[in-house]
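The next block is data36.pdb, given as PDB, C-alpha atoms, pLDDT in the B column.
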```pdb
MODEL        1
ATOM      1  CA  MET A   1     -19.379  48.886 138.992  1.00 48.00           C
ATOM      2  CA  SER A   2     -16.083  48.816 137.100  1.00 46.00           C
ATOM      3  CA  ALA A   3     -14.605  45.615 135.726  1.00 49.00           C
ATOM      4  CA  GLN A   4     -10.969  44.840 136.552  1.00 50.00           C
ATOM      5  CA  VAL A   5      -8.916  43.305 133.803  1.00 46.00           C
ATOM      6  CA  HIS A   6      -6.054  41.016 134.836  1.00 46.00           C
ATOM      7  CA  VAL A   7      -2.984  41.325 132.606  1.00 44.00           C
ATOM      8  CA  PRO A   8      -0.469  38.548 133.290  1.00 46.00           C
ATOM      9  CA  SER A   9       3.253  39.260 133.173  1.00 43.00           C
ATOM     10  CA  LEU A  10       5.209  39.053 129.940  1.00 38.00           C
ATOM     11  CA  PHE A  11       6.666  35.692 130.990  1.00 40.00           C
ATOM     12  CA  ALA A  12       3.245  34.196 131.672  1.00 44.00           C
ATOM     13  CA  ARG A  13       1.891  35.476 128.362  1.00 43.00           C
ATOM     14  CA  VAL A  14       4.707  34.284 126.126  1.00 42.00           C
ATOM     15  CA  GLY A  15       5.585  31.047 127.894  1.00 44.00           C
ATOM     16  CA  THR A  16       8.943  29.588 128.857  1.00 41.00           C
ATOM     17  CA  ALA A  17      10.000  28.574 125.344  1.00 41.00           C
ATOM     18  CA  SER A  18       9.374  32.068 124.042  1.00 39.00           C
ATOM     19  CA  VAL A  19      11.330  33.626 126.903  1.00 37.00           C
ATOM     20  CA  LEU A  20      14.284  31.416 125.980  1.00 36.00           C
ATOM     21  CA  THR A  21      13.884  32.454 122.345  1.00 38.00           C
ATOM     22  CA  LEU A  22      13.797  36.091 123.444  1.00 36.00           C
ATOM     23  CA  ALA A  23      17.012  35.598 125.472  1.00 39.00           C
ATOM     24  CA  VAL A  24      18.819  33.877 122.597  1.00 39.00           C
ATOM     25  CA  THR A  25      17.599  36.436 120.073  1.00 39.00           C
ATOM     26  CA  SER A  26      18.734  39.284 122.321  1.00 38.00           C
ATOM     27  CA  SER A  27      22.218  37.822 122.492  1.00 39.00           C
ATOM     28  CA  MET A  28      22.261  37.487 118.711  1.00 42.00           C
ATOM     29  CA  LEU A  29      21.281  41.131 118.347  1.00 43.00           C
ATOM     30  CA  ALA A  30      24.156  42.210 120.600  1.00 47.00           C
ATOM     31  CA  PRO A  31      27.037  39.888 119.641  1.00 49.00           C
ATOM     32  CA  GLY A  32      29.712  42.224 121.002  1.00 54.00           C
ATOM     33  CA  LEU A  33      28.220  42.032 124.465  1.00 54.00           C
ATOM     34  CA  VAL A  34      28.046  38.249 124.328  1.00 56.00           C
ATOM     35  CA  ALA A  35      31.634  37.975 123.033  1.00 61.00           C
ATOM     36  CA  ASP A  36      32.832  40.287 125.820  1.00 66.00           C
ATOM     37  CA  ALA A  37      30.972  38.219 128.423  1.00 68.00           C
ATOM     38  CA  GLU A  38      32.435  34.973 127.061  1.00 66.00           C
ATOM     39  CA  ALA A  39      35.945  36.458 126.965  1.00 64.00           C
ATOM     40  CA  ALA A  40      35.546  37.639 130.556  1.00 71.00           C
ATOM     41  CA  THR A  41      34.412  34.170 131.643  1.00 89.00           C
ATOM     42  CA  HIS A  42      37.367  32.401 129.988  1.00 94.00           C
ATOM     43  CA  SER A  43      39.801  35.025 131.248  1.00 96.00           C
ATOM     44  CA  THR A  44      38.480  34.820 134.816  1.00 95.00           C
ATOM     45  CA  LYS A  45      38.758  31.024 134.789  1.00 97.00           C
ATOM     46  CA  ALA A  46      42.285  31.184 133.326  1.00 98.00           C
ATOM     47  CA  LEU A  47      43.329  33.666 136.024  1.00 98.00           C
ATOM     48  CA  LYS A  48      42.040  31.358 138.781  1.00 97.00           C
ATOM     49  CA  ILE A  49      43.799  28.368 137.217  1.00 98.00           C
ATOM     50  CA  ALA A  50      47.105  30.262 137.005  1.00 98.00           C
ATOM     51  CA  ALA A  51      46.750  31.343 140.650  1.00 98.00           C
ATOM     52  CA  SER A  52      46.095  27.714 141.633  1.00 98.00           C
ATOM     53  CA  LYS A  53      49.574  26.867 140.271  1.00 98.00           C
ATOM     54  CA  LYS A  54      51.278  29.153 142.813  1.00 98.00           C
ATOM     55  CA  GLY A  55      54.640  27.664 143.774  1.00 98.00           C
ATOM     56  CA  ALA A  56      54.991  25.405 140.698  1.00 98.00           C
ATOM     57  CA  PRO A  57      58.616  25.488 139.531  1.00 98.00           C
ATOM     58  CA  TYR A  58      59.746  27.211 136.334  1.00 98.00           C
ATOM     59  CA  LYS A  59      61.051  24.915 133.630  1.00 98.00           C
ATOM     60  CA  TYR A  60      61.945  26.142 130.147  1.00 98.00           C
ATOM     61  CA  GLY A  61      59.540  24.690 127.577  1.00 97.00           C
ATOM     62  CA  ALA A  62      57.165  23.242 130.188  1.00 98.00           C
ATOM     63  CA  THR A  63      53.385  23.565 129.802  1.00 98.00           C
ATOM     64  CA  GLY A  64      52.251  21.941 133.039  1.00 97.00           C
ATOM     65  CA  PRO A  65      50.605  20.541 134.928  1.00 97.00           C
ATOM     66  CA  SER A  66      53.362  20.816 137.543  1.00 98.00           C
ATOM     67  CA  ARG A  67      56.101  22.901 135.833  1.00 98.00           C
ATOM     68  CA  PHE A  68      55.802  25.905 133.532  1.00 98.00           C
ATOM     69  CA  ASP A  69      57.668  28.508 131.567  1.00 98.00           C
ATOM     70  CA  CYS A  70      55.913  31.877 131.128  1.00 98.00           C
ATOM     71  CA  SER A  71      53.910  31.098 127.997  1.00 98.00           C
ATOM     72  CA  GLY A  72      53.420  27.512 129.152  1.00 98.00           C
ATOM     73  CA  LEU A  73      51.471  28.838 132.148  1.00 98.00           C
ATOM     74  CA  THR A  74      49.208  30.945 129.921  1.00 98.00           C
ATOM     75  CA  VAL A  75      48.700  28.072 127.431  1.00 98.00           C
ATOM     76  CA  TYR A  76      47.820  25.700 130.273  1.00 98.00           C
ATOM     77  CA  SER A  77      45.527  28.141 132.099  1.00 98.00           C
ATOM     78  CA  PHE A  78      43.536  29.153 129.029  1.00 98.00           C
ATOM     79  CA  LYS A  79      43.322  25.566 127.739  1.00 98.00           C
ATOM     80  CA  LYS A  80      41.767  24.499 131.063  1.00 97.00           C
ATOM     81  CA  ALA A  81      39.389  27.481 130.718  1.00 97.00           C
ATOM     82  CA  GLY A  82      38.350  26.324 127.224  1.00 96.00           C
ATOM     83  CA  LYS A  83      40.511  28.516 124.962  1.00 97.00           C
ATOM     84  CA  LYS A  84      43.452  27.501 122.809  1.00 97.00           C
ATOM     85  CA  LEU A  85      46.520  29.753 122.672  1.00 98.00           C
ATOM     86  CA  PRO A  86      49.648  29.407 120.534  1.00 98.00           C
ATOM     87  CA  ARG A  87      52.784  28.233 122.339  1.00 98.00           C
ATOM     88  CA  THR A  88      55.111  31.253 122.588  1.00 98.00           C
ATOM     89  CA  ALA A  89      54.627  34.690 124.144  1.00 98.00           C
ATOM     90  CA  GLN A  90      55.170  36.387 120.753  1.00 98.00           C
ATOM     91  CA  GLN A  91      52.632  34.091 119.036  1.00 98.00           C
ATOM     92  CA  GLN A  92      50.142  34.746 121.845  1.00 98.00           C
ATOM     93  CA  TYR A  93      50.602  38.492 121.408  1.00 98.00           C
ATOM     94  CA  ASN A  94      49.980  38.142 117.666  1.00 97.00           C
ATOM     95  CA  LYS A  95      46.750  36.193 118.337  1.00 97.00           C
ATOM     96  CA  THR A  96      45.119  38.422 121.003  1.00 97.00           C
ATOM     97  CA  SER A  97      43.047  41.585 120.662  1.00 97.00           C
ATOM     98  CA  ARG A  98      45.017  44.700 121.654  1.00 97.00           C
ATOM     99  CA  ILE A  99      43.682  46.667 124.589  1.00 97.00           C
ATOM    100  CA  SER A 100      44.906  49.799 126.325  1.00 97.00           C
ATOM    101  CA  SER A 101      46.142  49.785 129.905  1.00 96.00           C
ATOM    102  CA  SER A 102      43.050  51.762 130.888  1.00 97.00           C
ATOM    103  CA  LYS A 103      40.810  48.960 129.528  1.00 97.00           C
ATOM    104  CA  ARG A 104      42.763  46.043 131.012  1.00 97.00           C
ATOM    105  CA  LYS A 105      40.872  43.600 133.218  1.00 97.00           C
ATOM    106  CA  PRO A 106      41.885  40.673 135.378  1.00 97.00           C
ATOM    107  CA  GLY A 107      42.518  37.724 133.086  1.00 98.00           C
ATOM    108  CA  ASP A 108      43.957  39.782 130.215  1.00 98.00           C
ATOM    109  CA  LEU A 109      47.454  38.906 129.056  1.00 98.00           C
ATOM    110  CA  VAL A 110      50.364  41.229 129.825  1.00 98.00           C
ATOM    111  CA  PHE A 111      53.186  41.120 127.284  1.00 98.00           C
ATOM    112  CA  PHE A 112      56.624  42.432 128.191  1.00 98.00           C
ATOM    113  CA  HIS A 113      58.559  43.678 125.202  1.00 98.00           C
ATOM    114  CA  SER A 114      61.873  45.069 124.111  1.00 97.00           C
ATOM    115  CA  GLY A 115      61.326  47.137 120.983  1.00 95.00           C
ATOM    116  CA  ARG A 116      58.893  45.109 118.887  1.00 94.00           C
ATOM    117  CA  SER A 117      59.868  41.724 120.371  1.00 97.00           C
ATOM    118  CA  VAL A 118      57.795  40.136 123.128  1.00 98.00           C
ATOM    119  CA  TYR A 119      59.968  38.280 125.640  1.00 98.00           C
ATOM    120  CA  HIS A 120      57.611  37.481 128.558  1.00 98.00           C
ATOM    121  CA  VAL A 121      53.893  37.022 129.278  1.00 98.00           C
ATOM    122  CA  GLY A 122      51.735  36.878 132.391  1.00 98.00           C
ATOM    123  CA  ILE A 123      48.043  37.028 133.282  1.00 98.00           C
ATOM    124  CA  TYR A 124      46.808  40.328 134.701  1.00 98.00           C
ATOM    125  CA  ALA A 125      45.562  39.871 138.268  1.00 98.00           C
ATOM    126  CA  GLY A 126      44.365  43.442 138.909  1.00 97.00           C
ATOM    127  CA  GLY A 127      46.028  46.118 141.002  1.00 97.00           C
ATOM    128  CA  GLY A 128      49.049  46.362 138.704  1.00 98.00           C
ATOM    129  CA  LYS A 129      50.009  42.720 139.343  1.00 98.00           C
ATOM    130  CA  ILE A 130      50.321  39.559 137.248  1.00 98.00           C
ATOM    131  CA  TRP A 131      50.481  35.814 137.760  1.00 98.00           C
ATOM    132  CA  HIS A 132      53.491  34.461 135.901  1.00 98.00           C
ATOM    133  CA  SER A 133      56.274  31.906 135.805  1.00 98.00           C
ATOM    134  CA  PRO A 134      59.296  34.223 135.924  1.00 98.00           C
ATOM    135  CA  LYS A 135      62.566  32.408 135.222  1.00 97.00           C
ATOM    136  CA  SER A 136      64.776  29.429 135.922  1.00 97.00           C
ATOM    137  CA  GLY A 137      65.140  28.829 139.664  1.00 98.00           C
ATOM    138  CA  ASP A 138      61.864  30.634 140.428  1.00 98.00           C
ATOM    139  CA  VAL A 139      58.220  29.547 140.831  1.00 98.00           C
ATOM    140  CA  VAL A 140      54.769  30.600 139.622  1.00 98.00           C
ATOM    141  CA  ARG A 141      53.830  33.632 141.672  1.00 98.00           C
ATOM    142  CA  LYS A 142      51.974  36.927 141.718  1.00 98.00           C
ATOM    143  CA  ALA A 143      54.198  39.933 141.133  1.00 98.00           C
ATOM    144  CA  LYS A 144      53.992  43.660 140.506  1.00 98.00           C
ATOM    145  CA  ILE A 145      54.369  44.695 136.853  1.00 98.00           C
ATOM    146  CA  TRP A 146      57.956  45.930 136.899  1.00 97.00           C
ATOM    147  CA  SER A 147      58.203  47.604 133.502  1.00 97.00           C
ATOM    148  CA  LYS A 148      56.466  50.299 131.489  1.00 96.00           C
ATOM    149  CA  SER A 149      57.316  48.355 128.321  1.00 98.00           C
ATOM    150  CA  VAL A 150      54.176  46.218 128.345  1.00 98.00           C
ATOM    151  CA  TRP A 151      51.293  45.631 125.969  1.00 98.00           C
ATOM    152  CA  TYR A 152      47.929  44.145 126.880  1.00 98.00           C
ATOM    153  CA  GLY A 153      45.969  41.544 124.957  1.00 98.00           C
ATOM    154  CA  ARG A 154      42.560  39.947 125.394  1.00 97.00           C
ATOM    155  CA  VAL A 155      41.882  36.340 124.494  1.00 96.00           C
ATOM    156  CA  ARG A 156      38.677  36.030 122.450  1.00 90.00           C
TER
ENDMDL
END
```

Would you mind writing the file out in structure tokens?
Amino acid sequence: MSAQVHVPSLFARVGTASVLTLAVTSSMLAPGLVADAEAATHSTKALKIAASKKGAPYKYGATGPSRFDCSGLTVYSFKKAGKKLPRTAQQQYNKTSRISSSKRKPGDLVFFHSGRSVYHVGIYAGGGKIWHSPKSGDVVRKAKIWSKSVWYGRVR
């Protein structure tokens, strides 16, 4: 007659507290992955917030909640998502992590530039489109990226 030995699962053996410790420790061992996940979460929230402002009128210098200029929309959206951005498009560009167009993801910032000067910013929506507050007389809307003179930045 052979004896069967019961081996409980890892979770049962280490207990709930240890599983939580294991999860926290794992995230500390892979900080890049955690930072990327957090950035994605903030960026996704900011994108949804910007989209929720569809139709809000453009107003130079406005940062919401009912009127926006281009960088005012990004400041407002990321603030509501838990991240602080500087006020102007150029300052936002200077503060974000550079990414290539092949690595861009929804929620990344799209900076339109002339030479080395950034003059407009929007939030990448996927499919070559952005959410932005275009200009005086216009409203927050989703639009196709109309220029090849763009840089991409990720809010960390």

Quick one: residues within 12 Å of A:Asn94, all atoms listed in the file, excluding same-chain residues fewer than 3 positions away - as an NGL selection string? :A and (85-91 or 97-98 or 109 or 111 or 116-118 or 151-155)

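One finds atom CA of A:Ala40 at 26.0 Å from atom CA of A:Ala62.
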
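When the PyMOL selection byres ((chain A and resi 71) around 9) is run on the displayed coordinates, the residues it returns are Gly61, Ala62, Thr63, Phe68, Asp69, Cys70, Gly72, Leu73, Thr74, Val75, Tyr76, Pro86, Arg87, Thr88, Ala89, Gln92, His120, Val121, Gly122, His132 and Ser133 of chain A.
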
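Computed from the coordinates, the atom CA of A:Arg156 to atom CA of A:Thr96 distance equals 7.0 Å.
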
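Between atom CA of A:Lys148 and atom CA of A:Gly64 the separation is 28.7 Å.
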
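With only C-alpha atoms as the basis for measurement, A:Ala51 is the residue among A:Tyr93, A:Ala46, A:Ala51, A:Tyr58 that approaches A:Ala143 most closely.
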
If we count only C-alpha atoms and set the cut-off at 8 Å, which residues sit around stretch 138-140 of chain A, ignoring sequence neighbours fewer than 2 positions away in its own chain? Please answer as a PyMOL selection string. chain A and resi 53-58+68+131-136+142

Around all listed atoms of stretch 92-104 of chain A, padded 4 Å per side, what centre and edge lengths does the axis-aligned box have in Å to one decimal, as AutoDock Vina command-line options?
```
--center_x 45.7 --center_y 43.3 --center_z 124.3 --size_x 17.8 --size_y 25.0 --size_z 21.3
```

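Considering the residues A:Arg141, A:Lys129, A:Lys103, A:Lys79 and counting all atoms listed in the file, A:Ser52 has its shortest atom-to-atom contact with A:Arg141.
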
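For the residues A:Ser102, A:Gly137, A:Val150, A:Gly127, ranking by smallest atom-to-atom distance to A:Ser114 using only C-alpha atoms places A:Val150 first.
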
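Counting only C-alpha atoms and comparing A:Ile130, A:Ser43, A:Tyr124, A:Ile145, the residue that lies closest to A:Lys83 is A:Ser43.
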